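Asker: I'd like to ask you about the structure that follows.
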Amino acid sequence: MSYNLLKGKRGIIFGALNEQSIAWKVAEKAVQEGAMITLSNTSVAVRMGEVSALADKLNCEVIPADATSVEDLETVFKRSMEVLGGQIDFVLHSIGMSPNVRKKRPYDDLDYGMLSQTFDISAVSFHKMIQTAKKLDAIAEYGSILALSYVAAQRTFFGYNDMADAKALLESIARSFGYIYGREHNVRVNTISQSPTMTTAGSGVKGMDKLFDFADRMSPLGNASADDCADYCIVMFSDLTRKVTMQNLFHDGGFSSIGMSLRAMATYEKGIDDEFKDENGKIIYG
Ligand SMILES: NC(=O)c1ccc[n+]([C@@H]2O[C@H](COP(=O)([O-])OP(=O)(O)OC[C@H]3O[C@@H](n4cnc5c(N)ncnc54)[C@H](O)[C@@H]3O)[C@@H](O)[C@H]2O)c1
């Protein structure tokens with residue numbers, strides 16, 4: 001069902017790789033809601049992924065860009081304004097990658113070159129995106145810029161590794177730039193902290209299937225899906241949220257406010273500890 005929430009708006013969606021991608025769902029819903037959009041992803045992702053099929057379906061242009069390159073980002077904003085015929089009303093940063101996670105380097109044995117890449121791709125690219133847009137005066141008054149985060153930015157989750165630090169930086173950039181862009185052009189900058197979601201990036205997280213199940217059982221409303229996340233993004237792009245800025249908005253079925261659920265307590269009482277003791281009875285910490 002469409003509410004025409006984005007009628008006449010122009011948007012750029014970064015990070016749609018395949019049908020599972022959160023950005024893919026956002027792109028589909030944005031067009032359903034009346035927006036005109038462009039898509040962007042790395043050249044490799046455009047070549048190897050399915051983003052061109054999405055572009056054909058939605059009748060929009062794909063502009064390849066490495067989000068760590070300011071030059072590439074300038075091309076995306078300039079070309080998008082050309083193709084869409086004016087300033088941009090909304091931007092989605094749906095980008096994340098950690099070489100340390102990929103190479104299975106644990107948090108207490110990180111490669112620092114890879115850590116810099118994690119930060120650059122997953123967080124600093126958000127700053128580069130906003131700074132580039134601002135310098136080009138590419139965002140319309142009351143425009144909305146969003147990035148996707150995860151609760152591990154604020155609480156420790158086994159296996160999330162250096163992505164936790166990248167997400168903390170991402171959320172901080174939303175606040176710092178939200179202040180400046182809000183004061184000068186009424187542009188909103190926020191992050192949405194999404195439930196674990198079965199996507200290509202999500203599946204890279206150590207123990208993702210168990211984490212997904214745990215979060216689903218702990219959350220009173222269950223995990224939010226990629227489709228649910230897209231709905232929330234649309235509301236955040238719409239004029240219904242013109243005064244929301246500098247926020248990290250939890251979209252997780254209530255997970256972030258739960259300490260202990262009845263079900264988790266019952267499972268704990270069944271003796272989960274036993275599985276995590278070594279042969280001498282000492283607890284193994286994960
Ligand atoms: N899946 C989850 O459990 C989950 C939960 C919370 C937040 N998120 C966040 O949602 C966002 C989208 O991830 P997803 O789960 O849809 O997975 P996804 O793998 O579909 O999307 C990640 C995207 O990042 C792109 N990317 C990687 N390096 C890039 C670069 N240098 N320049 C431009 N693009 C680049 C990839 O090509 C891909 O399209 C990420 O920020 C992720 O951290 C995901």
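Convention: chains lettered A, B, ... in structure tokens order; per-chain residue numbering from 1; ligands numbered from 1 as shown.
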Please identify all polymer residues within 7 Å of Ala174 (chain A), counting only C-alpha atoms, omitting same-chain residues fewer than 2 positions from it, and present them as a list in words.

Answerer: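 With the cut-off at 7 Å, the set is Leu170, Glu171, Ser172, Ser176, Phe177, Gly178, Val189, Asn190, Thr191 and Met246 of chain A.
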
Asker: Select the residues contacting ligand 1 at a distance of at most 6 Å, based on only C-alpha atoms and all ligand atoms, then format the selection as a PyMOL selection string.

Answerer: chain A and resi 15-17+21-23+41-42+45+66-68+94-97+121+148-150+193-202

Asker: Leaving out Phe14 (chain A) and any residue of its chain fewer than 4 positions from it, which residues lie within 10 Å of it when counting only C-alpha atoms, given as a short mmCIF file (atom, residue, chain, number, x, y, z; two decimals) with C-alpha atoms, in the first residue's frame?

Answerer:
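This went into selection.cif:
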```cif
data_model
loop_
_atom_site.label_atom_id
_atom_site.label_comp_id
_atom_site.auth_asym_id
_atom_site.auth_seq_id
_atom_site.Cartn_x
_atom_site.Cartn_y
_atom_site.Cartn_z
CA ALA A 23 18.92 -0.63 0.85
CA TRP A 24 17.18 -2.73 -1.82
CA ALA A 27 14.78 1.75 -2.85
CA THR A 38 19.42 7.07 -8.12
CA LEU A 39 21.32 4.04 -6.80
CA SER A 40 25.00 3.78 -5.95
CA ASN A 41 27.40 0.99 -5.02
CA THR A 42 31.03 0.07 -5.72
CA VAL A 62 23.10 3.40 -11.07
CA ILE A 63 26.13 5.59 -10.37
CA PRO A 64 29.14 3.48 -9.32
CA ALA A 65 31.18 4.92 -6.44
CA ALA A 67 32.06 5.63 -0.73
CA VAL A 76 27.22 10.73 -7.42
CA VAL A 91 20.06 10.05 1.23
CA LEU A 92 20.49 6.53 2.62
CA HIS A 93 23.96 5.36 3.71
CA SER A 94 23.57 1.57 3.92
CA ILE A 95 27.24 0.61 3.81
CA ALA A 147 22.67 5.76 8.04
#
```

Asker: Taking the DSSP secondary structure from the backbone, can you list the residues of region 156-260 of chain A that are strand (DSSP E or B), as a ChimeraX atom specification?

Answerer: /A:188-194,248-251

Asker: Export C-alpha atoms of the chosen residues as a PDB file, in the first residue's frame?

Answerer:
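Listing of result.pdb after writing:
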```
ATOM      1  CA  ARG A 188      18.246  16.291   9.342  1.00  0.00           C
ATOM      2  CA  VAL A 189      20.901  13.649  10.044  1.00  0.00           C
ATOM      3  CA  ASN A 190      20.001  10.444  11.936  1.00  0.00           C
ATOM      4  CA  THR A 191      20.955   6.799  12.333  1.00  0.00           C
ATOM      5  CA  ILE A 192      18.558   3.865  12.605  1.00  0.00           C
ATOM      6  CA  SER A 193      19.784   1.044  14.838  1.00  0.00           C
ATOM      7  CA  GLN A 194      18.376  -2.048  13.188  1.00  0.00           C
ATOM      8  CA  ASN A 248      20.077   7.198  16.974  1.00  0.00           C
ATOM      9  CA  LEU A 249      16.648   5.592  16.572  1.00  0.00           C
ATOM     10  CA  PHE A 250      16.282   2.001  17.731  1.00  0.00           C
ATOM     11  CA  HIS A 251      14.305  -0.152  15.344  1.00  0.00           C
TER      12      HIS A 251
END
```

Asker: Report as a list in words all protein, DNA and RNA residues lying within 10 Å of region 214-223 of chain A, evaluated on only C-alpha atoms, omitting residues in the same chain fewer than 3 positions from it.

Answerer: Gln194, Ser195, Pro196, Thr197, Met208, Asp209, Lys210, Leu211, Ala226, Asp228, His251, Asp252, Gly253, Gly254, Phe255, Ser256, Ser257, Ile258, Gly259, Met260, Ser261, Leu262, Arg263 and Ala264 of chain A
